[in-house]
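Shown next: upload_13.cif, given as mmCIF, C-alpha atoms.
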data_upload
loop_
_atom_site.label_atom_id
_atom_site.label_comp_id
_atom_site.auth_asym_id
_atom_site.auth_seq_id
_atom_site.Cartn_x
_atom_site.Cartn_y
_atom_site.Cartn_z
CA MET A 82 200.37 180.29 -71.54
CA THR A 83 201.59 181.09 -75.15
CA THR A 84 200.55 177.68 -76.40
CA GLY A 85 197.02 178.24 -75.08
CA CYS A 86 196.72 181.55 -76.95
CA LYS A 87 197.87 180.01 -80.24
CA THR A 88 195.41 177.17 -79.94
CA THR A 89 192.56 179.61 -79.32
CA THR A 90 193.53 181.77 -82.35
CA VAL A 91 193.69 178.79 -84.70
CA PHE A 92 190.33 177.57 -83.46
CA LEU A 93 188.70 180.98 -84.07
CA THR A 94 190.32 181.26 -87.53
CA VAL A 95 188.95 177.89 -88.64
CA LEU A 96 185.55 178.76 -87.26
CA CYS A 97 185.47 182.08 -89.15
CA ALA A 98 186.59 180.32 -92.38
CA LEU A 99 183.71 177.88 -92.14
CA LEU A 100 181.19 180.61 -91.48
CA LEU A 101 182.47 182.70 -94.44
CA THR A 102 182.45 179.67 -96.73
CA ILE A 103 178.86 178.89 -95.86
CA LEU A 104 177.90 182.55 -96.33
CA GLY A 105 179.68 182.72 -99.74
CA LEU A 106 177.95 179.60 -101.02
CA VAL A 107 174.57 180.85 -99.92
CA GLN A 108 175.14 184.32 -101.41
CA GLU A 109 176.88 182.94 -104.53
CA TRP A 110 179.92 185.19 -104.28
CA PRO A 111 182.01 185.64 -107.47
CA ALA A 112 185.10 183.45 -108.01
CA TRP A 113 187.67 186.17 -107.35
CA VAL A 114 186.39 186.60 -103.77
CA TRP A 115 187.50 183.15 -102.69
CA PRO A 116 191.31 183.66 -103.17
CA ALA A 117 191.14 187.01 -101.37
CA LEU A 118 189.20 185.42 -98.51
CA ALA A 119 191.83 182.68 -98.13
CA VAL A 120 194.68 185.22 -97.97
CA LEU A 121 192.76 187.23 -95.38
CA LEU A 122 192.10 184.22 -93.13
CA ILE A 123 195.78 183.25 -93.15
CA GLY A 124 197.35 186.71 -92.91
CA VAL A 125 195.23 188.17 -90.12
CA PRO A 126 196.12 185.53 -87.44
CA ALA A 127 199.81 185.66 -88.38
CA ALA A 128 199.85 189.45 -88.05
CA ALA A 129 198.01 189.23 -84.72
CA PHE A 130 200.64 186.79 -83.35
CA LYS A 131 203.50 189.09 -84.33
CA ILE A 132 201.90 192.16 -82.81
CA ALA A 133 201.13 190.35 -79.52
CA ALA A 134 204.70 189.00 -79.27
CA ALA A 135 206.14 192.45 -79.84
CA ARG A 136 203.98 193.97 -77.10
CA ARG A 137 204.57 191.17 -74.57
CA GLY A 138 208.37 191.15 -74.70
CA PRO A 139 210.60 188.60 -72.81
CA VAL A 140 209.38 186.88 -69.56
CA PRO A 141 210.63 188.88 -66.51
CA VAL A 142 213.05 187.21 -64.10
CA HIS A 143 210.95 187.80 -60.98
CA TYR A 144 208.06 185.98 -62.64
CA GLU A 145 210.21 182.89 -63.14
CA GLU A 146 211.26 183.00 -59.47
CA GLN A 147 207.64 183.01 -58.35
CA ILE A 148 206.80 179.82 -60.17
CA THR A 149 205.64 177.34 -57.46
CA ALA A 150 207.94 174.37 -57.03
CA ALA A 151 206.56 170.92 -57.28
CA PRO A 152 205.21 169.78 -53.87
CA PHE A 153 207.45 167.33 -52.06
CA GLU A 154 206.18 164.08 -50.66
CA ARG A 155 205.80 164.01 -46.88
CA ARG A 156 205.45 160.86 -44.80
CA GLU A 157 204.55 160.01 -41.20
CA ASP A 158 204.65 157.22 -38.61
CA ARG A 159 203.07 156.86 -35.15
CA VAL A 160 205.09 155.77 -32.08
CA THR A 161 203.40 154.92 -28.77
CA CYS A 162 204.51 154.23 -25.18
CA VAL A 163 208.26 154.53 -25.74
CA ALA A 164 210.17 154.62 -22.42
CA LEU A 165 212.36 157.72 -22.09
CA PRO A 166 214.60 158.26 -19.02
CA SER A 167 213.92 161.00 -16.49
CA GLN A 168 216.29 162.69 -14.05
CA TRP A 169 215.46 160.03 -11.43
CA ASP A 170 216.59 156.44 -11.84
CA ASP A 171 213.85 153.87 -12.52
CA TYR A 172 211.24 156.55 -13.24
CA ASP A 173 210.73 156.52 -17.03
CA PHE A 174 208.39 158.68 -19.08
CA GLN A 175 206.01 157.08 -21.59
CA PHE A 176 206.39 158.97 -24.92
CA SER A 177 203.95 158.91 -27.83
CA ALA A 178 203.92 161.09 -30.97
CA THR A 179 203.31 161.25 -34.71
CA VAL A 180 206.67 161.46 -36.54
CA ARG A 181 206.74 163.29 -39.89
CA TRP A 182 209.60 163.54 -42.40
CA TYR A 183 210.55 164.22 -46.03
CA PRO A 184 213.72 163.33 -47.95
CA LEU A 185 216.47 165.85 -48.67
CA ASP A 186 218.05 166.25 -52.12
CA GLY A 187 221.64 165.08 -52.19
CA GLY A 188 221.41 163.60 -48.74
CA GLY A 189 224.06 160.99 -49.46
CA ASP A 190 224.99 158.19 -51.81
CA ASP A 191 223.61 155.39 -49.65
CA PRO A 192 220.00 154.50 -50.44
CA ILE A 193 217.43 154.72 -47.63
CA VAL A 194 215.74 151.40 -47.05
CA ASN A 195 213.76 152.37 -43.94
CA PRO A 196 213.24 156.14 -43.73
CA ALA A 197 210.66 155.69 -40.95
CA GLY A 198 213.32 154.14 -38.72
CA LEU A 199 215.69 157.05 -39.29
CA ALA A 200 212.96 159.58 -38.60
CA VAL A 201 211.74 157.90 -35.39
CA ASP A 202 215.31 157.49 -34.10
CA ALA A 203 216.04 161.18 -34.71
CA VAL A 204 212.87 162.26 -32.85
CA LEU A 205 213.60 159.96 -29.89
CA ASP A 206 217.15 161.32 -29.62
CA ARG A 207 215.85 164.89 -29.49
CA ALA A 208 213.18 163.96 -26.92
CA ARG A 209 215.57 161.96 -24.71
CA ALA A 210 218.02 164.87 -24.52
CA ILE A 211 215.25 166.86 -22.82
CA THR A 212 213.51 164.24 -20.62
CA GLU A 213 216.69 162.95 -18.97
CA GLN A 214 217.19 166.44 -17.50
CA ARG A 215 213.65 166.71 -16.06
CA GLU A 216 212.07 165.38 -12.85
CA PRO A 217 209.35 162.74 -13.28
CA GLY A 218 206.85 164.69 -11.22
CA ARG A 219 206.56 167.33 -13.98
CA ALA A 220 205.34 165.09 -16.82
CA SER A 221 202.64 167.46 -18.05
CA LEU A 222 205.05 170.41 -18.15
CA VAL A 223 207.72 168.39 -19.98
CA GLN A 224 205.08 167.28 -22.51
CA HIS A 225 204.47 170.89 -23.56
CA GLU A 226 208.20 171.51 -23.70
CA LEU A 227 208.64 168.53 -26.05
CA SER A 228 205.75 169.68 -28.22
CA GLY A 229 207.56 172.95 -28.85
CA ALA A 230 211.02 171.42 -29.32
CA LEU A 231 209.88 168.73 -31.78
CA SER A 232 207.53 170.93 -33.82
CA ARG A 233 210.33 172.21 -36.10
CA MET A 234 211.69 170.30 -39.09
CA ARG A 235 215.35 169.47 -38.57
CA PRO A 236 217.75 167.22 -40.50
CA GLU A 237 218.60 163.90 -38.86
CA SER A 238 222.22 162.83 -38.32
CA THR A 239 222.73 161.15 -41.73
CA GLY A 240 221.45 164.15 -43.65
CA HIS A 241 218.89 162.16 -45.66
CA LEU A 242 215.69 163.42 -43.99
CA GLN A 243 214.05 166.44 -42.40
CA VAL A 244 212.20 165.25 -39.28
CA MET A 245 209.63 166.61 -36.80
CA ALA A 246 206.92 165.28 -34.44
CA GLU A 247 203.43 166.35 -33.44
CA ASP A 248 200.56 165.12 -31.24
CA VAL A 249 203.10 164.56 -28.45
CA THR A 250 201.97 162.93 -25.18
CA LEU A 251 204.18 162.23 -22.16
CA VAL A 252 202.98 160.39 -19.03
CA LEU A 253 204.27 158.26 -16.16
CA ARG A 254 203.29 154.69 -15.40
CA GLU A 255 200.38 154.54 -13.00
CA HIS A 256 202.28 152.84 -10.17
CA ASP A 257 205.18 155.31 -10.53
CA GLN A 258 202.74 158.21 -10.28
CA GLU A 259 201.25 156.66 -7.11
CA ARG A 260 204.70 156.39 -5.56
CA LEU A 261 205.46 160.01 -6.37
CA ASP A 262 202.16 161.09 -4.81
CA LYS A 263 203.00 159.18 -1.61
CA LEU A 264 206.49 160.71 -1.50
CA ALA A 265 204.97 164.16 -1.93
CA GLU A 266 202.56 163.54 0.97
CA VAL A 267 205.42 162.36 3.19
CA ARG A 268 207.49 165.44 2.34
CA LYS A 269 204.54 167.70 3.13
CA ASP A 270 203.86 165.93 6.45
CA LYS A 271 207.54 166.13 7.35
CA ALA A 272 207.61 169.85 6.60
CA VAL A 273 204.55 170.40 8.82
CA TRP A 274 206.12 168.31 11.60
CA GLU A 275 209.39 170.24 11.34
CA HIS A 276 207.52 173.53 11.69
CA GLN A 277 205.57 172.21 14.69
CA ARG A 278 208.76 170.92 16.32
CA LYS A 279 210.54 174.24 15.82
CA TYR A 280 207.50 176.06 17.20
CA GLU A 281 207.40 173.85 20.31
CA GLN A 282 211.16 174.16 20.75
CA SER A 283 210.93 177.94 20.50
CA LYS A 284 208.06 177.94 22.99
CA ARG A 285 210.04 175.80 25.46
CA GLU A 286 213.04 178.08 25.15
CA TYR A 287 210.84 181.10 25.73
CA LEU A 288 209.21 179.58 28.83
CA GLY A 289 212.35 177.95 30.25
CA GLN A 290 214.94 180.63 29.52
CA ASP A 291 212.77 183.73 29.85
CA VAL A 292 209.43 183.27 31.61
CA LEU A 293 210.39 180.61 34.17
CA LYS A 294 214.04 181.57 34.53
CA ASP A 295 213.32 182.48 38.15
CA THR A 296 210.35 183.36 40.31
CA GLY A 297 210.73 187.08 39.65
CA SER A 298 210.52 186.57 35.87
CA ALA A 299 207.47 184.33 36.31
CA VAL A 300 205.74 186.98 38.47
CA VAL A 301 206.37 189.72 35.90
CA TRP A 302 205.10 187.46 33.09
CA TRP A 303 201.98 186.58 35.10
CA LEU A 304 201.29 190.26 35.77
CA ALA A 305 201.44 190.98 32.04
CA LYS A 306 199.13 188.05 31.28
CA ASN A 307 196.54 189.19 33.85
CA ASP A 308 196.44 192.86 32.87
CA ASP A 309 198.39 194.04 35.93
CA HIS A 310 195.97 192.44 38.45
CA VAL A 311 198.34 192.50 41.37
CA GLY A 312 195.95 190.78 43.78
CA LYS A 313 195.58 187.74 41.56
CA THR A 314 199.33 187.56 41.01
CA VAL A 315 199.98 187.68 44.76
CA GLY A 316 197.44 184.91 45.28
CA ASP A 317 199.21 182.79 42.67
CA LEU A 318 202.67 183.43 44.08
CA ASP A 319 202.92 180.00 45.67
CA LEU A 320 201.97 178.33 42.38
CA LEU A 321 204.48 180.42 40.45
CA ALA A 322 207.27 179.63 42.91
CA ARG A 323 206.60 175.91 42.74
CA LEU A 324 206.29 176.01 38.95
CA THR A 325 209.60 177.86 38.59
CA SER A 326 211.28 175.44 40.98
CA ALA A 327 210.00 172.44 39.03
CA ALA A 328 210.94 173.95 35.66
CA ASN A 329 214.54 174.52 36.78
CA ASP A 330 214.75 171.30 38.86
CA THR A 331 215.73 173.26 41.99
CA ASP A 332 214.29 173.86 45.46
CA ILE A 333 212.24 176.91 46.34
CA PRO A 334 214.57 179.62 47.66
CA GLU A 335 214.72 179.90 51.46
CA ARG A 336 213.67 183.55 51.38
CA LEU A 337 210.36 182.58 49.76
CA ARG A 338 209.43 179.65 51.98
CA ASP A 339 208.46 181.62 55.11
CA MET A 340 206.60 184.20 53.03
CA LEU A 341 204.62 181.51 51.23
CA ALA A 342 203.87 179.75 54.52
CA GLN A 343 202.58 182.98 56.10
CA GLN A 344 200.50 183.71 53.02
CA SER A 345 198.84 180.29 53.15
CA GLY A 346 198.33 180.41 56.96
CA GLU A 347 200.07 177.07 57.48
CA PRO A 348 203.23 176.39 59.46
CA ALA A 349 206.28 176.34 57.32
CA VAL A 350 207.58 172.84 56.72
CA PRO A 351 211.31 172.64 56.06
CA PHE A 352 212.15 171.38 52.61
CA GLU A 353 215.73 170.31 53.07
CA ARG A 354 215.56 167.85 56.02
CA GLU A 355 214.43 164.36 56.77
CA PRO A 356 210.80 164.04 57.94
CA THR A 357 210.45 163.87 61.73
CA ALA A 358 208.02 161.96 63.92
CA ALA A 359 205.79 165.03 63.98
CA ASP A 360 205.74 165.02 60.17
CA HIS A 361 204.71 161.38 60.12
CA PHE A 362 202.03 162.07 62.74
CA GLU A 363 200.63 164.90 60.63
CA ALA A 364 200.56 162.60 57.62
CA PHE A 365 198.69 160.06 59.72
CA LEU A 366 196.07 162.63 60.76
CA ASN A 367 195.61 163.77 57.17
CA GLY A 368 195.34 160.21 55.94
CA MET A 369 192.69 159.32 58.53
CA GLY A 370 190.68 162.41 57.70
CA PHE A 371 190.99 164.14 61.10
CA THR A 372 190.49 167.75 60.05
CA ASP A 373 188.93 169.20 63.18
CA ASP A 374 191.49 171.32 65.04
CA ASP A 375 190.27 170.34 68.52
CA VAL A 376 190.53 166.65 67.72
CA ARG A 377 194.00 167.12 66.26
CA ARG A 378 195.13 169.05 69.36
CA PHE A 379 193.67 166.46 71.70
CA MET A 380 195.31 163.55 69.92
CA ALA A 381 198.62 165.40 69.75
CA LYS A 382 198.51 165.92 73.55
CA GLN A 383 197.80 162.26 74.19
CA ILE A 384 200.58 161.06 71.90
CA ALA A 385 202.98 163.62 73.38
CA ASP A 386 202.30 162.31 76.88
CA VAL A 387 203.03 158.76 75.74
CA ILE A 388 206.22 159.89 74.00
CA ARG A 389 207.50 161.52 77.20
CA THR A 390 207.58 158.12 78.87
CA GLN A 391 209.58 156.50 76.06
CA MET A 392 212.11 159.01 74.75
CA PRO A 393 213.44 162.54 75.31
CA HIS A 394 210.94 165.36 75.52
CA ALA A 395 212.12 167.05 72.25
CA THR A 396 209.76 165.09 70.01
CA ALA A 397 206.80 165.67 72.30
CA GLU A 398 207.57 169.38 72.53
CA GLU A 399 207.73 169.60 68.73
CA MET A 400 204.31 168.05 68.38
CA LEU A 401 202.85 170.37 71.02
CA ARG A 402 204.34 173.43 69.37
CA ARG A 403 203.06 172.40 65.97
CA TYR A 404 199.49 171.88 67.07
CA ASP A 405 199.44 174.56 69.83
CA PRO A 406 197.23 172.63 72.27
CA PRO A 407 195.04 174.54 74.76
CA ALA A 408 196.37 175.55 78.16
CA GLU A 409 194.44 172.83 79.99
CA PHE A 410 196.50 170.23 78.10
CA THR A 411 199.92 171.90 78.62
CA GLY A 412 199.65 173.67 82.00
CA ALA A 413 201.30 172.07 84.99
CA ASP A 414 201.98 168.82 83.24
CA GLU A 415 205.22 170.16 81.78
CA ASP A 416 206.59 170.80 85.31
CA GLU A 417 205.57 167.46 86.69
CA SER A 418 207.77 164.47 86.57
CA PRO A 419 206.97 161.69 84.18
CA SER A 420 205.63 159.61 87.09
CA ALA A 421 202.89 162.20 87.62
CA SER A 422 201.37 161.54 84.23
CA PRO A 423 198.54 159.05 83.95
CA GLU A 424 199.82 155.53 83.88
CA ASP A 425 197.12 154.50 81.41
CA PRO A 426 196.14 156.47 78.31
CA ASP A 427 192.50 155.49 78.89
CA GLU A 428 192.57 157.27 82.22
CA ALA A 429 193.82 160.45 80.51
CA ALA A 430 190.89 160.31 78.15
CA GLY A 431 188.46 160.46 81.10
CA GLY A 432 187.92 156.75 81.45
CA THR A 433 188.49 154.55 84.52
CA PRO A 434 191.82 152.90 85.08
CA ARG A 435 192.01 149.34 84.08
CA ALA A 436 192.29 146.84 86.91
#
Please, can you express the file's structure as structure tokens?
Amino acid sequence: MTTGCKTTTVFLTVLCALLLTILGLVQEWPAWVWPALAVLLIGVPAAAFKIAAARRGPVPVHYEEQITAAPFERREDRVTCVALPSQWDDYDFQFSATVRWYPLDGGGDDPIVNPAGLAVDAVLDRARAITEQREPGRASLVQHELSGALSRMRPESTGHLQVMAEDVTLVLREHDQERLDKLAEVRKDKAVWEHQRKYEQSKREYLGQDVLKDTGSAVVWWLAKNDDHVGKTVGDLDLLARLTSAANDTDIPERLRDMLAQQSGEPAVPFEREPTAADHFEAFLNGMGFTDDDVRRFMAKQIADVIRTQMPHATAEEMLRRYDPPAEFTGADEDESPSASPEDPDEAAGGTPRA
């Protein structure tokens, strides 16, 4: 700054001297004026320099501290698709970034032949320390984490360089991402299935251990479901008893059998005995479609008469009791001997005896 001021003063002094010389020649100044003019042109600038230096004084310390240092040279290199390990084996991240660095003063006696290699290695070490602790399914989140961690200049291990990275990208290979998506779908489906299974298990426990524990519990549950409609519940009592019996793999209690038979208007059929001839005969009638009561009574009387001639009367009496034939079929025939019965069933049906 001082050198610039001196140069400007000298330039102005020379310029003024030329102007005064031209003016003196034109005006034809006397000879004594020229020595005085020379002294004036030399003395005035010298006095001005001394006065300015006295006013300015020494340069303050804080001014020297604010002098901007020479800019350092920064360098960069681009790395792409570098495999970095994740927390899961065989699932590597693909890392790309722009690596930047600058040399440090006094970083060591060994010369740096390849500073880009040192810088890239330092960045990859910092990135790997993070990625190997992260799951591969969070690539986008880990990318932002790396962008923050690598955005600060830090010295590398040899102390020669300050290193950072920017424009960081982190992705998975396409086929690895597809596998992770499939695994995620399977986990979601399994979670849904587990919830459904637990729901069904809870429902079975509720029905088996509470609702259908016995017929009484089933009746109370059915009353609550039908808004206390007692008539409907009574009408469904047979269904509830059978359902409870099937749910517990047991027989219907004896105390309920007669009541259910009376409610349905059908003769009670024992549950814990072998089927008799009368049971088989009833199955035969049902299978043939004989639903008319008179026909069923008539056929029962005819078969009972035939049975009397072949075996003890107990089976015939059971059939007659079951079907309650009219008096004309059961009157005096019971007191007659077996020889008094028609010898031919066709004759009993009103036909003529066969020859």
Pairwise distance for atom CA of A:Trp182 and atom CA of A:Thr239, rounded to one decimal in Å
13.4 Å
Evaluate the PyMOL selection byres ((chain A and resi 322-328) around 10) here and jot the selected residues down as a VMD selection string.
chain A and resid 288 to 290 292 to 300 317 to 321 329 to 334 337 to 338 341
Provide the atom CA of A:Leu231 to atom CA of A:Val180 distance in Å, to one decimal place.
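Computing the Euclidean distance for atom CA of A:Leu231 and atom CA of A:Val180 yields 9.3 Å.
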Give as a PyMOL selection string the residues that the PyMOL selection byres ((chain A and resi 237) around 9) matches when applied to the coordinates above.
chain A and resi 199-200+202-204+235-236+238-244
Could you save those same residues with C-alpha atoms as a tab-separated table (two decimals), in the coordinates of the input?
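The file below, part.tsv, is the result:
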chain	number	residue	atom	x	y	z
A	199	LEU	CA	215.69	157.05	-39.29
A	200	ALA	CA	212.96	159.58	-38.60
A	202	ASP	CA	215.31	157.49	-34.10
A	203	ALA	CA	216.04	161.18	-34.71
A	204	VAL	CA	212.87	162.26	-32.85
A	235	ARG	CA	215.35	169.47	-38.57
A	236	PRO	CA	217.75	167.22	-40.50
A	238	SER	CA	222.22	162.83	-38.32
A	239	THR	CA	222.73	161.15	-41.73
A	240	GLY	CA	221.45	164.15	-43.65
A	241	HIS	CA	218.89	162.16	-45.66
A	242	LEU	CA	215.69	163.42	-43.99
A	243	GLN	CA	214.05	166.44	-42.40
A	244	VAL	CA	212.20	165.25	-39.28
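Atom CA of A:Ala208 is found 8.1 Å from atom CA of A:Ala230.
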If you count only C-alpha atoms, the residue of A:Leu264, A:Leu366, A:Met400, A:Leu205 closest to A:Val163 turns out to be A:Leu205
Using the chain letters and numbering of this document, enumerate as a PyMOL selection string the residues selected by the PyMOL selection byres ((chain A and resi 101) around 12).
chain A and resi 94-100+102-110+114-115+117-119+121-122
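Closest approach to A:Arg215 among A:Ser167, A:Asn195, A:Ser232, A:Thr89 is made by A:Ser167 (distances from all atoms listed in the file).
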Fewer than 3 positions away in the same chain doesn't count, so skip those; otherwise give me all residues within 10 Å of A:Met380, counting all atoms listed in the file, as a PyMOL selection string.
chain A and resi 362+366+371+374-377+383-386+404+406+430
Taking all atoms listed in the file into account, which of A:Pro116, A:Gly218, A:Gly316, A:Pro111 comes nearest A:Gln258?
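Looking at the shortest contact to A:Gln258, the residue is A:Gly218.
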Fewer than 3 positions away in the same chain doesn't count, so skip those; otherwise give me all residues within 8 Å of A:Arg181, counting only C-alpha atoms, as a PyMOL selection string.
chain A and resi 155-158+200+244-247
Can you pull out the residues contacting A:Asp248? Cut-off 7 Å, using only C-alpha atoms, and skip same-chain residues under 2 positions away; I want them as an mmCIF file with C-alpha atoms, keeping the file's coordinate frame.
data_model
loop_
_atom_site.group_PDB
_atom_site.id
_atom_site.type_symbol
_atom_site.label_atom_id
_atom_site.label_comp_id
_atom_site.auth_asym_id
_atom_site.auth_seq_id
_atom_site.Cartn_x
_atom_site.Cartn_y
_atom_site.Cartn_z
ATOM 1 C CA ALA A 178 203.920 161.090 -30.970
ATOM 2 C CA THR A 179 203.310 161.250 -34.710
ATOM 3 C CA THR A 250 201.970 162.930 -25.180
#
